[in-house]
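Okay, query-v3.txt is below, compact mmCIF, C-alpha atoms:
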# COMPACT_ATOMS: atom_id res chain seq x y z
CA MET A 1 97.86 70.44 61.82
CA SER A 2 96.84 66.92 60.87
CA ASN A 3 99.25 65.32 63.35
CA PHE A 4 98.31 67.61 66.25
CA ILE A 5 97.05 65.68 69.28
CA SER A 6 94.21 67.75 70.73
CA TYR A 7 93.41 67.62 74.45
CA GLY A 8 89.79 66.87 73.50
CA ARG A 9 87.52 66.68 70.47
CA GLN A 10 84.27 65.20 69.20
CA CYS A 11 84.04 61.58 68.09
CA LEU A 12 81.52 61.25 65.25
CA ASP A 13 80.68 58.41 62.89
CA GLU A 14 78.48 57.94 59.83
CA ASP A 15 75.42 57.17 61.98
CA ASP A 16 75.76 60.55 63.64
CA ILE A 17 76.06 62.29 60.29
CA GLN A 18 73.10 60.43 58.81
CA VAL A 19 70.67 61.32 61.63
CA VAL A 20 71.47 64.99 61.13
CA ILE A 21 70.92 64.67 57.36
CA ASP A 22 67.62 62.87 57.99
CA THR A 23 66.51 65.68 60.30
CA LEU A 24 67.47 68.30 57.71
CA ARG A 25 65.13 66.51 55.31
CA SER A 26 62.31 66.37 57.88
CA PRO A 27 59.60 69.04 58.39
CA ASN A 28 61.12 70.11 61.73
CA LEU A 29 64.45 71.85 62.17
CA THR A 30 63.56 73.24 65.59
CA GLN A 31 60.87 72.70 68.26
CA GLY A 32 60.15 69.30 66.72
CA PRO A 33 60.00 65.71 67.99
CA LYS A 34 63.75 65.16 68.32
CA ILE A 35 63.92 67.53 71.29
CA ALA A 36 61.47 65.49 73.34
CA GLU A 37 63.14 62.25 72.24
CA PHE A 38 66.56 63.46 73.36
CA GLU A 39 65.20 64.76 76.66
CA HIS A 40 63.49 61.43 77.33
CA GLU A 41 66.62 59.44 76.49
CA ILE A 42 68.82 61.56 78.77
CA ALA A 43 66.34 61.38 81.66
CA ASP A 44 66.08 57.62 81.23
CA TYR A 45 69.86 57.18 81.06
CA VAL A 46 70.50 59.22 84.20
CA GLY A 47 67.48 57.83 86.04
CA VAL A 48 65.42 60.97 86.70
CA LYS A 49 61.89 62.12 85.85
CA TYR A 50 62.60 65.22 83.78
CA ALA A 51 65.15 66.68 81.39
CA VAL A 52 64.99 70.09 79.69
CA ALA A 53 67.33 70.76 76.77
CA PHE A 54 68.95 74.15 76.16
CA CYS A 55 71.05 75.69 73.40
CA ASN A 56 74.19 75.39 75.55
CA GLY A 57 75.31 74.50 79.05
CA THR A 58 75.63 78.11 80.19
CA ALA A 59 72.02 78.81 79.23
CA ALA A 60 71.00 75.67 81.11
CA LEU A 61 72.77 76.89 84.26
CA HIS A 62 71.08 80.27 83.85
CA GLY A 63 67.74 78.48 83.67
CA ALA A 64 68.52 76.44 86.78
CA CYS A 65 69.35 79.60 88.76
CA TYR A 66 66.05 81.12 87.61
CA ALA A 67 64.11 77.98 88.57
CA ALA A 68 65.79 77.96 91.99
CA GLY A 69 64.55 81.49 92.61
CA ILE A 70 68.00 83.04 93.00
CA GLY A 71 67.88 86.82 92.85
CA ASP A 72 69.25 90.10 94.15
CA GLY A 73 70.97 89.72 97.50
CA ASP A 74 71.17 85.93 97.36
CA GLU A 75 74.55 84.25 97.79
CA VAL A 76 75.53 81.10 95.90
CA ILE A 77 78.58 79.03 96.81
CA THR A 78 80.68 77.43 94.08
CA SER A 79 84.20 76.32 93.23
CA PRO A 80 86.84 78.66 91.77
CA ILE A 81 88.35 75.82 89.71
CA THR A 82 85.83 75.67 86.90
CA PHE A 83 84.88 77.43 83.70
CA ALA A 84 83.51 80.92 84.38
CA ALA A 85 79.93 79.89 83.49
CA SER A 86 79.54 78.12 86.85
CA ALA A 87 79.75 81.52 88.52
CA ASN A 88 78.43 83.74 85.72
CA CYS A 89 75.01 82.08 85.85
CA VAL A 90 74.58 83.45 89.38
CA ARG A 91 75.43 86.95 88.21
CA TYR A 92 72.88 86.69 85.37
CA VAL A 93 70.04 86.54 87.92
CA GLY A 94 71.50 89.18 90.24
CA GLY A 95 73.03 86.88 92.83
CA THR A 96 76.39 87.13 94.59
CA VAL A 97 79.04 84.46 93.97
CA VAL A 98 80.86 83.04 96.99
CA PHE A 99 83.92 80.92 96.23
CA ALA A 100 84.80 78.00 98.52
CA ASP A 101 88.19 76.31 98.36
CA ILE A 102 88.84 72.88 96.89
CA ASP A 103 89.75 69.55 98.45
CA ALA A 104 93.51 68.95 98.17
CA VAL A 105 93.02 65.35 96.99
CA THR A 106 90.07 65.41 94.58
CA TYR A 107 90.30 69.07 93.41
CA ASN A 108 86.53 69.32 93.77
CA ILE A 109 84.89 71.81 96.11
CA ASP A 110 85.48 70.93 99.77
CA PRO A 111 82.24 70.36 101.74
CA LEU A 112 83.89 71.71 104.90
CA GLN A 113 84.70 74.93 103.06
CA ILE A 114 81.10 75.15 101.86
CA THR A 115 79.88 75.00 105.45
CA ALA A 116 82.30 77.73 106.46
CA LYS A 117 80.92 80.07 103.75
CA ILE A 118 77.20 79.73 104.57
CA THR A 119 75.45 82.88 105.80
CA ASP A 120 71.83 83.91 106.25
CA LYS A 121 71.96 85.14 102.64
CA THR A 122 73.01 81.79 101.14
CA LYS A 123 70.42 80.48 98.69
CA ALA A 124 72.17 77.70 96.76
CA ILE A 125 75.31 75.64 96.15
CA ILE A 126 76.73 74.94 92.70
CA PRO A 127 79.24 72.08 93.11
CA VAL A 128 81.27 71.26 90.00
CA ASP A 129 82.13 67.70 88.92
CA PHE A 130 85.58 68.82 87.88
CA THR A 131 87.33 66.68 85.21
CA GLY A 132 84.37 64.27 85.24
CA GLN A 133 84.76 63.18 88.86
CA PRO A 134 81.52 63.60 90.81
CA THR A 135 81.69 65.76 93.90
CA ASP A 136 80.91 64.29 97.32
CA ILE A 137 77.28 64.96 96.55
CA ASP A 138 75.81 63.10 99.55
CA GLU A 139 77.79 65.29 101.94
CA ILE A 140 76.83 68.42 100.00
CA MET A 141 73.15 67.47 99.98
CA ALA A 142 73.27 66.89 103.75
CA ILE A 143 74.66 70.42 104.18
CA ALA A 144 72.01 71.81 101.84
CA ASN A 145 69.17 70.04 103.64
CA GLU A 146 70.38 71.33 107.01
CA HIS A 147 70.38 74.92 105.74
CA ASN A 148 67.44 74.69 103.30
CA LEU A 149 69.58 75.37 100.22
CA VAL A 150 69.13 74.41 96.56
CA VAL A 151 71.89 72.32 94.98
CA ILE A 152 72.56 72.83 91.26
CA GLU A 153 75.22 70.33 90.24
CA ASP A 154 77.44 71.52 87.40
CA GLY A 155 77.93 68.18 85.68
CA ALA A 156 79.31 69.66 82.45
CA HIS A 157 82.13 67.11 82.66
CA SER A 158 80.40 64.14 84.28
CA LEU A 159 77.66 62.61 82.12
CA GLY A 160 78.24 58.86 82.40
CA ALA A 161 80.28 59.05 85.60
CA THR A 162 79.08 57.33 88.79
CA TYR A 163 79.04 58.10 92.51
CA LYS A 164 78.45 55.25 94.97
CA GLY A 165 76.98 53.23 92.10
CA ARG A 166 74.60 56.00 91.06
CA LYS A 167 74.80 57.96 87.83
CA ALA A 168 75.93 61.57 88.15
CA GLY A 169 72.82 63.73 88.13
CA THR A 170 70.54 61.58 90.26
CA THR A 171 71.01 63.30 93.63
CA ALA A 172 71.15 67.11 93.33
CA HIS A 173 67.98 69.16 93.00
CA MET A 174 69.07 70.01 89.45
CA THR A 175 72.07 68.90 87.39
CA MET A 176 73.44 70.43 84.21
CA PHE A 177 75.21 68.41 81.52
CA SER A 178 77.03 70.02 78.59
CA PHE A 179 77.28 68.79 75.00
CA HIS A 180 80.11 70.98 73.68
CA PRO A 181 82.33 69.03 71.22
CA VAL A 182 84.96 68.15 73.87
CA LYS A 183 82.38 66.83 76.36
CA PRO A 184 81.38 63.15 76.91
CA ILE A 185 78.90 63.38 74.02
CA THR A 186 78.22 66.30 71.72
CA THR A 187 75.33 68.09 70.06
CA ALA A 188 77.83 70.64 68.66
CA GLU A 189 76.59 73.11 71.25
CA GLY A 190 73.98 72.27 73.83
CA GLY A 191 73.16 71.63 77.45
CA ILE A 192 70.44 70.06 79.57
CA ILE A 193 69.05 70.22 83.09
CA VAL A 194 67.86 66.99 84.73
CA THR A 195 65.66 66.98 87.81
CA ASP A 196 63.01 65.04 89.72
CA ASN A 197 61.25 68.24 90.74
CA GLU A 198 58.13 69.03 88.70
CA GLU A 199 58.06 72.69 89.74
CA TYR A 200 61.62 73.24 88.54
CA TYR A 201 60.79 71.36 85.32
CA LYS A 202 57.86 73.65 84.51
CA LYS A 203 59.91 76.78 85.24
CA LEU A 204 62.76 75.56 83.04
CA ILE A 205 60.41 74.84 80.12
CA LYS A 206 58.98 78.36 80.32
CA PHE A 207 62.33 80.07 80.85
CA ARG A 208 63.98 78.59 77.75
CA SER A 209 61.19 79.84 75.46
CA HIS A 210 60.67 83.57 76.17
CA GLY A 211 58.69 83.03 79.38
CA ILE A 212 55.69 81.98 77.31
CA GLU A 213 52.85 79.81 78.61
CA GLN A 214 50.02 78.34 76.56
CA GLY A 215 47.88 75.67 78.17
CA PRO A 216 44.34 76.83 79.07
CA TYR A 217 44.64 80.16 77.26
CA SER A 218 44.38 78.44 73.88
CA ALA A 219 41.06 76.84 74.65
CA LYS A 220 39.70 80.09 76.06
CA ASN A 221 40.82 82.54 73.39
CA GLY A 222 41.66 80.55 70.26
CA GLY A 223 44.38 78.28 68.98
CA TRP A 224 46.72 81.16 68.18
CA TYR A 225 46.73 82.62 71.67
CA TYR A 226 49.62 82.55 74.14
CA GLU A 227 50.82 84.70 77.01
CA MET A 228 54.29 85.74 78.12
CA THR A 229 54.06 85.50 81.91
CA ASP A 230 57.72 86.11 82.74
CA LEU A 231 60.89 87.47 81.15
CA GLY A 232 62.33 84.35 79.55
CA TYR A 233 64.94 83.80 76.85
CA ASN A 234 65.24 82.05 73.51
CA TYR A 235 67.47 79.26 74.80
CA ARG A 236 65.95 76.43 72.76
CA MET A 237 67.94 73.58 71.29
CA THR A 238 67.36 72.69 67.62
CA ASP A 239 66.17 69.34 66.31
CA LEU A 240 69.46 69.01 64.44
CA GLN A 241 71.35 69.15 67.73
CA ALA A 242 68.93 66.84 69.48
CA ALA A 243 69.10 64.25 66.69
CA LEU A 244 72.88 64.21 66.98
CA GLY A 245 72.53 63.87 70.75
CA VAL A 246 70.23 60.86 70.47
CA SER A 247 72.78 59.14 68.22
CA GLN A 248 75.75 60.09 70.41
CA LEU A 249 74.07 58.87 73.59
CA LYS A 250 74.06 55.32 72.23
CA LYS A 251 77.86 55.45 72.30
CA LEU A 252 78.32 57.16 75.66
CA ASP A 253 79.18 54.09 77.71
CA ALA A 254 81.80 53.04 75.15
CA PHE A 255 83.21 56.58 75.14
CA ILE A 256 83.47 56.58 78.94
CA ALA A 257 85.12 53.15 78.97
CA ARG A 258 87.77 54.38 76.52
CA ARG A 259 88.40 57.54 78.56
CA GLN A 260 88.82 55.41 81.68
CA GLU A 261 91.24 53.14 79.81
CA ILE A 262 93.33 56.13 78.67
CA ALA A 263 93.37 57.57 82.20
CA ALA A 264 94.56 54.24 83.58
CA LYS A 265 97.40 54.15 81.05
CA TYR A 266 98.51 57.65 82.03
CA THR A 267 98.33 56.89 85.74
CA GLU A 268 100.32 53.67 85.43
CA ALA A 269 103.02 55.30 83.30
CA LEU A 270 103.36 58.51 85.32
CA LYS A 271 102.64 57.57 88.94
CA ASP A 272 106.31 56.97 89.79
CA VAL A 273 107.79 59.83 87.78
CA GLU A 274 109.54 62.25 90.11
CA GLY A 275 108.04 65.71 89.86
CA ILE A 276 104.62 64.55 88.64
CA THR A 277 101.54 63.94 90.79
CA VAL A 278 98.78 61.98 89.10
CA PRO A 279 95.10 62.65 89.90
CA LYS A 280 93.23 60.71 92.56
CA GLN A 281 89.59 59.78 92.83
CA LEU A 282 87.10 60.04 95.65
CA ASP A 283 86.30 56.61 97.09
CA ASN A 284 83.34 54.86 95.46
CA THR A 285 83.38 57.08 92.37
CA ALA A 286 84.14 56.32 88.74
CA SER A 287 85.19 59.46 86.89
CA GLY A 288 84.14 60.04 83.32
CA TRP A 289 87.63 61.51 82.74
CA HIS A 290 86.54 64.47 80.68
CA LEU A 291 89.96 65.84 81.63
CA TYR A 292 93.14 64.16 82.83
CA MET A 293 95.28 66.61 84.78
CA VAL A 294 98.65 66.15 86.43
CA GLN A 295 100.47 68.39 88.87
CA LEU A 296 103.99 69.49 87.94
CA GLU A 297 105.65 69.69 91.33
CA THR A 298 109.05 71.05 90.31
CA ALA A 299 109.14 71.78 86.57
CA ASP A 300 108.41 75.18 85.05
CA ARG A 301 104.88 74.67 83.71
CA LYS A 302 105.12 77.20 80.91
CA ARG A 303 108.28 75.55 79.61
CA VAL A 304 106.66 72.12 79.76
CA PHE A 305 103.50 73.47 78.10
CA ASP A 306 105.41 75.19 75.30
CA THR A 307 107.68 72.21 74.66
CA MET A 308 104.75 69.79 74.52
CA ARG A 309 102.94 72.11 72.09
CA LEU A 310 106.06 72.25 69.90
CA ALA A 311 105.85 68.45 69.77
CA ASN A 312 102.25 68.83 68.45
CA ILE A 313 100.74 67.62 71.72
CA GLY A 314 97.80 69.81 72.71
CA VAL A 315 98.23 70.06 76.44
CA HIS A 316 96.11 72.67 78.16
CA VAL A 317 95.39 74.12 81.61
CA HIS A 318 91.96 73.96 83.29
CA TYR A 319 91.15 76.38 84.84
CA ILE A 320 92.32 79.84 85.82
CA PRO A 321 90.60 80.52 89.19
CA VAL A 322 87.39 82.28 88.26
CA TYR A 323 87.89 85.21 90.60
CA TRP A 324 91.25 86.00 88.98
CA HIS A 325 89.46 87.15 85.82
CA PRO A 326 89.24 90.95 85.45
CA TYR A 327 85.44 90.96 85.64
CA TYR A 328 85.49 89.40 89.10
CA ARG A 329 88.49 91.40 90.26
CA ASN A 330 86.52 94.53 89.39
CA LEU A 331 83.76 93.25 91.70
CA GLY A 332 86.23 93.18 94.58
CA TYR A 333 87.43 89.57 94.60
CA GLU A 334 91.13 89.31 95.43
CA LYS A 335 93.88 86.75 95.04
CA GLY A 336 94.43 84.65 98.13
CA LEU A 337 90.71 83.92 98.57
CA CYS A 338 91.09 80.15 98.02
CA PRO A 339 94.74 79.21 98.69
CA LEU A 340 94.49 75.51 97.81
CA ALA A 341 92.79 76.27 94.50
CA GLU A 342 95.42 78.85 93.60
CA ALA A 343 98.32 76.55 94.51
CA TRP A 344 96.73 73.74 92.51
CA TYR A 345 96.26 75.96 89.45
CA GLU A 346 99.92 77.00 89.40
CA LYS A 347 101.00 73.36 88.91
CA ALA A 348 98.16 71.98 86.76
CA LEU A 349 98.59 70.58 83.25
CA THR A 350 95.90 68.90 81.15
CA LEU A 351 96.92 65.93 78.99
CA PRO A 352 94.97 64.83 75.88
CA VAL A 353 92.10 62.45 76.61
CA HIS A 354 89.21 61.65 74.30
CA PRO A 355 87.76 58.46 72.76
CA GLY A 356 89.48 59.02 69.41
CA LEU A 357 92.96 59.03 70.94
CA THR A 358 95.05 56.12 69.61
CA ASP A 359 97.41 53.98 71.67
CA ASP A 360 100.34 55.37 69.66
CA GLU A 361 99.26 58.92 70.50
CA ILE A 362 98.95 58.02 74.17
CA GLU A 363 102.45 56.60 74.12
CA LYS A 364 103.78 59.73 72.44
CA VAL A 365 102.21 61.92 75.14
CA ILE A 366 103.75 59.79 77.89
CA LYS A 367 107.23 59.55 76.37
CA THR A 368 107.37 63.23 75.50
CA LEU A 369 106.27 64.36 78.94
CA LYS A 370 108.73 62.04 80.68
CA LYS A 371 111.58 63.28 78.51
CA ILE A 372 110.76 66.93 79.17
CA ILE A 373 110.42 66.41 82.91
CA LYS A 374 113.75 64.59 83.01
CA ASN A 375 115.54 67.42 81.20
CA VAL A 376 114.12 70.45 83.01

Go ahead and render the structure in this file as structure tokens.
Amino acid sequence: MSNFISYGRQCLDEDDIQVVIDTLRSPNLTQGPKIAEFEHEIADYVGVKYAVAFCNGTAALHGACYAAGIGDGDEVITSPITFAASANCVRYVGGTVVFADIDAVTYNIDPLQITAKITDKTKAIIPVDFTGQPTDIDEIMAIANEHNLVVIEDGAHSLGATYKGRKAGTTAHMTMFSFHPVKPITTAEGGIIVTDNEEYYKKLIKFRSHGIEQGPYSAKNGGWYYEMTDLGYNYRMTDLQAALGVSQLKKLDAFIARRQEIAAKYTEALKDVEGITVPKQLDNTASGWHLYMVQLETADRKRVFDTMRLANIGVHVHYIPVYWHPYYRNLGYEKGLCPLAEAWYEKALTLPVHPGLTDDEIEKVIKTLKKIIKNV
């Protein structure tokens, strides 16, 4: 539907299209120079030493779990309010997922709940920058340092956001950013891990390309020679994706500024509406507002959702608690595990927010939601 207001979508211009065309006409469609260029630009933007691009964010998280040495018997603590990939990546390497409840104000994982879940089997923490708001990463890193844990920040929503004046991705041992079309910038599909740790960097490079190493073997045995030293995967990003990413990154700050402007409009218009609770931010953070989510305190959410959709407004809900999914229920996880997360989910509604949203569309979302809330 041409007049449908999506909750999120890519924002492309002719420059983006042209760089992809230019790459199609180049000698390299994959494993070429655009990959390294994109990785360098992301690392420089965030302010870290290394960045390793992957074909998608889930693959990047898988790689981070591998680099962290997570394996059979290891426990990893994460939030239940996230896309399933934040937990699935632990299962890919044989680890056990431990869900810690969220903070009632920020909806991010609660550091106190993390501490309560740590055992002698805990190997890592995967905090999620939900909706684009960075977690309280300093507090989480202090917990990790005390217990000798690895922190893999799931920053799928938070590229361009800041925490205490620092860019998201500068503090955790590894941070993943996603480039799905609805994310802050897009490479169509894609993800990346940023880190200051050289050992993790080397493991990530090997893991994304079949576990293959070259280096000294070429000089010893001939230019054709390589060795597969571990069981890796073909998780490489293409040059087409990377070229688009380089172009998109130039616009990121403008995209974030527009998202923040839209969020401010929603908050101002809805903060005094009875039955609606607007989102709050952790002190000293600036969310990238990948998502803008309200809580419906009294209204029937399904009725509000359906009525908004009938008005061609693409509201959504993010996310069903991960351990409610049948796969995790079959592993023995039960409802009631994280009460605050479950109560939050029952009231949550995602409003459209993306850089291409017009002021008229924003006003339509606000007016329609107010009218529905008033009449239910």

Check your understanding: Of the candidates A:Asn234, A:Thr135, A:Thr277, A:Ser287, which one gets nearest to Ile152 of chain A if we count all atoms listed in the file?
Key -> A:Thr135

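If only C-alpha atoms are the atoms counted, then among A:Arg208, A:His40, A:Lys364, A:Arg301 the closest residue to His62 of chain A is A:Arg208.
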
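In terms of minimum interatomic distance to Lys280 of chain A, A:Ala263 ranks closest within A:Arg25, A:Tyr323, A:Ala263, A:Gly63, counting all atoms listed in the file.
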
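Each of A:His157, A:Ile193, A:Arg236, A:Thr186 was checked against His210 of chain A using all atoms listed in the file; the smallest atom-to-atom distance is that of A:Arg236.
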
For Ser6 of chain A: contacts at 9 Å, all atoms listed in the file, fewer than 3 positions along chain excluded, given as a PDB file with C-alpha atoms, in the coordinates of the input:
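To be explicit, this is the file written out as selection10.pdb:
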ATOM      1  CA  ARG A   9      87.520  66.680  70.470  1.00  0.00           C
ATOM      2  CA  ASN A 312     102.250  68.830  68.450  1.00  0.00           C
ATOM      3  CA  ILE A 313     100.740  67.620  71.720  1.00  0.00           C
ATOM      4  CA  GLY A 314      97.800  69.810  72.710  1.00  0.00           C
ATOM      5  CA  VAL A 315      98.230  70.060  76.440  1.00  0.00           C
ATOM      6  CA  LEU A 351      96.920  65.930  78.990  1.00  0.00           C
ATOM      7  CA  PRO A 352      94.970  64.830  75.880  1.00  0.00           C
ATOM      8  CA  VAL A 353      92.100  62.450  76.610  1.00  0.00           C
ATOM      9  CA  HIS A 354      89.210  61.650  74.300  1.00  0.00           C
ATOM     10  CA  LEU A 357      92.960  59.030  70.940  1.00  0.00           C
TER      11      LEU A 357
END

Contacts of Lys121 of chain A at 10 Å or less, counting all atoms listed in the file, minus same-chain residues fewer than 2 places along, as a JSON list (two decimals) with C-alpha atoms, in the frame of the given file?
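Dumped everything to around-v6.json:
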[["chain", "number", "residue", "atom", "x", "y", "z"],
["A", 73, "GLY", "CA", 70.97, 89.72, 97.50],
["A", 74, "ASP", "CA", 71.17, 85.93, 97.36],
["A", 75, "GLU", "CA", 74.55, 84.25, 97.79],
["A", 76, "VAL", "CA", 75.53, 81.10, 95.90],
["A", 96, "THR", "CA", 76.39, 87.13, 94.59],
["A", 118, "ILE", "CA", 77.20, 79.73, 104.57],
["A", 119, "THR", "CA", 75.45, 82.88, 105.80],
["A", 123, "LYS", "CA", 70.42, 80.48, 98.69],
["A", 124, "ALA", "CA", 72.17, 77.70, 96.76]]

Check your understanding: Residues around (95.8, 65.2, 76.4), cut-off 12 Å, counting only C-alpha atoms - what are they as a ChimeraX atom specification?
Key -> /A:4-9,182,259,262-263,266,289-294,305,308-309,312-318,349-358,361-366,368-369

Exercise for review: Quick one: everything within 10 Å of Gln133 of chain A, counting only C-alpha atoms, minus sequence neighbours fewer than 3 positions away in the same chain. Send it as a PyMOL selection string.
Suggested key: chain A and resi 106-108+128-130+136+155+157-159+161-163+168+280-282+285-291

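The residue that comes closest to Ala85 of chain A, out of A:Thr30, A:Ser178, A:Asn375, A:Gln10 and on the basis of only C-alpha atoms, is A:Ser178.
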
Check your understanding: Which neighbours of segment 145-149 of chain A fall inside 8 Å, counting all atoms listed in the file, when residues of the same chain fewer than 2 positions from it are skipped, and could you give them as a PyMOL selection string?
Key -> chain A and resi 122-125+141-143+151

For segment 347-363 of chain A, I'd like the enclosing box, axis-aligned and padded by 6 Å on every side, reported as JSON with centre and edge lengths in Å to one decimal.
{"center_x": 95.1, "center_y": 63.7, "center_z": 79.2, "size_x": 26.7, "size_y": 31.4, "size_z": 31.5}

**Study point:** Radius query 9 Å about (63.2, 66.1, 70.7), atoms used: all atoms listed in the file, as a PyMOL selection string
**Key:** chain A and resi 30-40+53+237-239+242-243+246

Write a file for segment 6-21 of chain A of the given structure; include N, CA, C and O atoms and format it as an mmCIF file, in the first residue's frame.
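Dumped to selection_36.cif:
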data_model
loop_
_atom_site.group_PDB
_atom_site.id
_atom_site.type_symbol
_atom_site.label_atom_id
_atom_site.label_comp_id
_atom_site.auth_asym_id
_atom_site.auth_seq_id
_atom_site.Cartn_x
_atom_site.Cartn_y
_atom_site.Cartn_z
ATOM 1 N N SER A 6 5.042 2.570 7.449
ATOM 2 C CA SER A 6 5.759 1.449 8.047
ATOM 3 C C SER A 6 6.425 1.870 9.347
ATOM 4 O O SER A 6 6.839 3.023 9.506
ATOM 5 N N TYR A 7 6.575 0.915 10.274
ATOM 6 C CA TYR A 7 7.254 1.241 11.534
ATOM 7 C C TYR A 7 8.729 1.543 11.305
ATOM 8 O O TYR A 7 9.360 2.270 12.070
ATOM 9 N N GLY A 8 9.300 0.995 10.227
ATOM 10 C CA GLY A 8 10.698 1.251 9.905
ATOM 11 C C GLY A 8 10.990 0.830 8.485
ATOM 12 O O GLY A 8 10.357 -0.088 7.955
ATOM 13 N N ARG A 9 11.937 1.494 7.847
ATOM 14 C CA ARG A 9 12.348 1.105 6.499
ATOM 15 C C ARG A 9 13.649 1.805 6.144
ATOM 16 O O ARG A 9 14.063 2.765 6.811
ATOM 17 N N GLN A 10 14.286 1.340 5.082
ATOM 18 C CA GLN A 10 15.533 1.927 4.625
ATOM 19 C C GLN A 10 15.301 3.328 4.072
ATOM 20 O O GLN A 10 14.205 3.667 3.623
ATOM 21 N N CYS A 11 16.372 4.118 4.081
ATOM 22 C CA CYS A 11 16.322 5.467 3.512
ATOM 23 C C CYS A 11 17.505 5.599 2.550
ATOM 24 O O CYS A 11 18.646 5.845 2.961
ATOM 25 N N LEU A 12 17.238 5.412 1.266
ATOM 26 C CA LEU A 12 18.273 5.399 0.235
ATOM 27 C C LEU A 12 18.136 6.596 -0.685
ATOM 28 O O LEU A 12 17.032 7.099 -0.909
ATOM 29 N N ASP A 13 19.277 7.034 -1.226
ATOM 30 C CA ASP A 13 19.242 8.099 -2.223
ATOM 31 C C ASP A 13 20.059 7.681 -3.446
ATOM 32 O O ASP A 13 20.574 6.559 -3.514
ATOM 33 N N GLU A 14 20.190 8.574 -4.400
ATOM 34 C CA GLU A 14 20.877 8.237 -5.654
ATOM 35 C C GLU A 14 22.355 7.925 -5.439
ATOM 36 O O GLU A 14 22.936 7.121 -6.170
ATOM 37 N N ASP A 15 22.978 8.567 -4.438
ATOM 38 C CA ASP A 15 24.380 8.254 -4.141
ATOM 39 C C ASP A 15 24.534 6.798 -3.722
ATOM 40 O O ASP A 15 25.484 6.116 -4.137
ATOM 41 N N ASP A 16 23.611 6.335 -2.900
ATOM 42 C CA ASP A 16 23.645 4.940 -2.465
ATOM 43 C C ASP A 16 23.509 3.989 -3.655
ATOM 44 O O ASP A 16 24.224 2.988 -3.758
ATOM 45 N N ILE A 17 22.581 4.310 -4.517
ATOM 46 C CA ILE A 17 22.346 3.466 -5.696
ATOM 47 C C ILE A 17 23.569 3.457 -6.608
ATOM 48 O O ILE A 17 23.984 2.412 -7.123
ATOM 49 N N GLN A 18 24.177 4.625 -6.795
ATOM 50 C CA GLN A 18 25.310 4.732 -7.712
ATOM 51 C C GLN A 18 26.521 3.946 -7.227
ATOM 52 O O GLN A 18 27.224 3.303 -8.030
ATOM 53 N N VAL A 19 26.796 3.947 -5.907
ATOM 54 C CA VAL A 19 27.978 3.216 -5.427
ATOM 55 C C VAL A 19 27.804 1.711 -5.627
ATOM 56 O O VAL A 19 28.782 1.001 -5.892
ATOM 57 N N VAL A 20 26.573 1.243 -5.531
ATOM 58 C CA VAL A 20 26.324 -0.177 -5.776
ATOM 59 C C VAL A 20 26.516 -0.487 -7.263
ATOM 60 O O VAL A 20 27.134 -1.500 -7.627
ATOM 61 N N ILE A 21 26.019 0.377 -8.132
ATOM 62 C CA ILE A 21 26.215 0.197 -9.578
ATOM 63 C C ILE A 21 27.702 0.201 -9.920
ATOM 64 O O ILE A 21 28.185 -0.639 -10.689
#
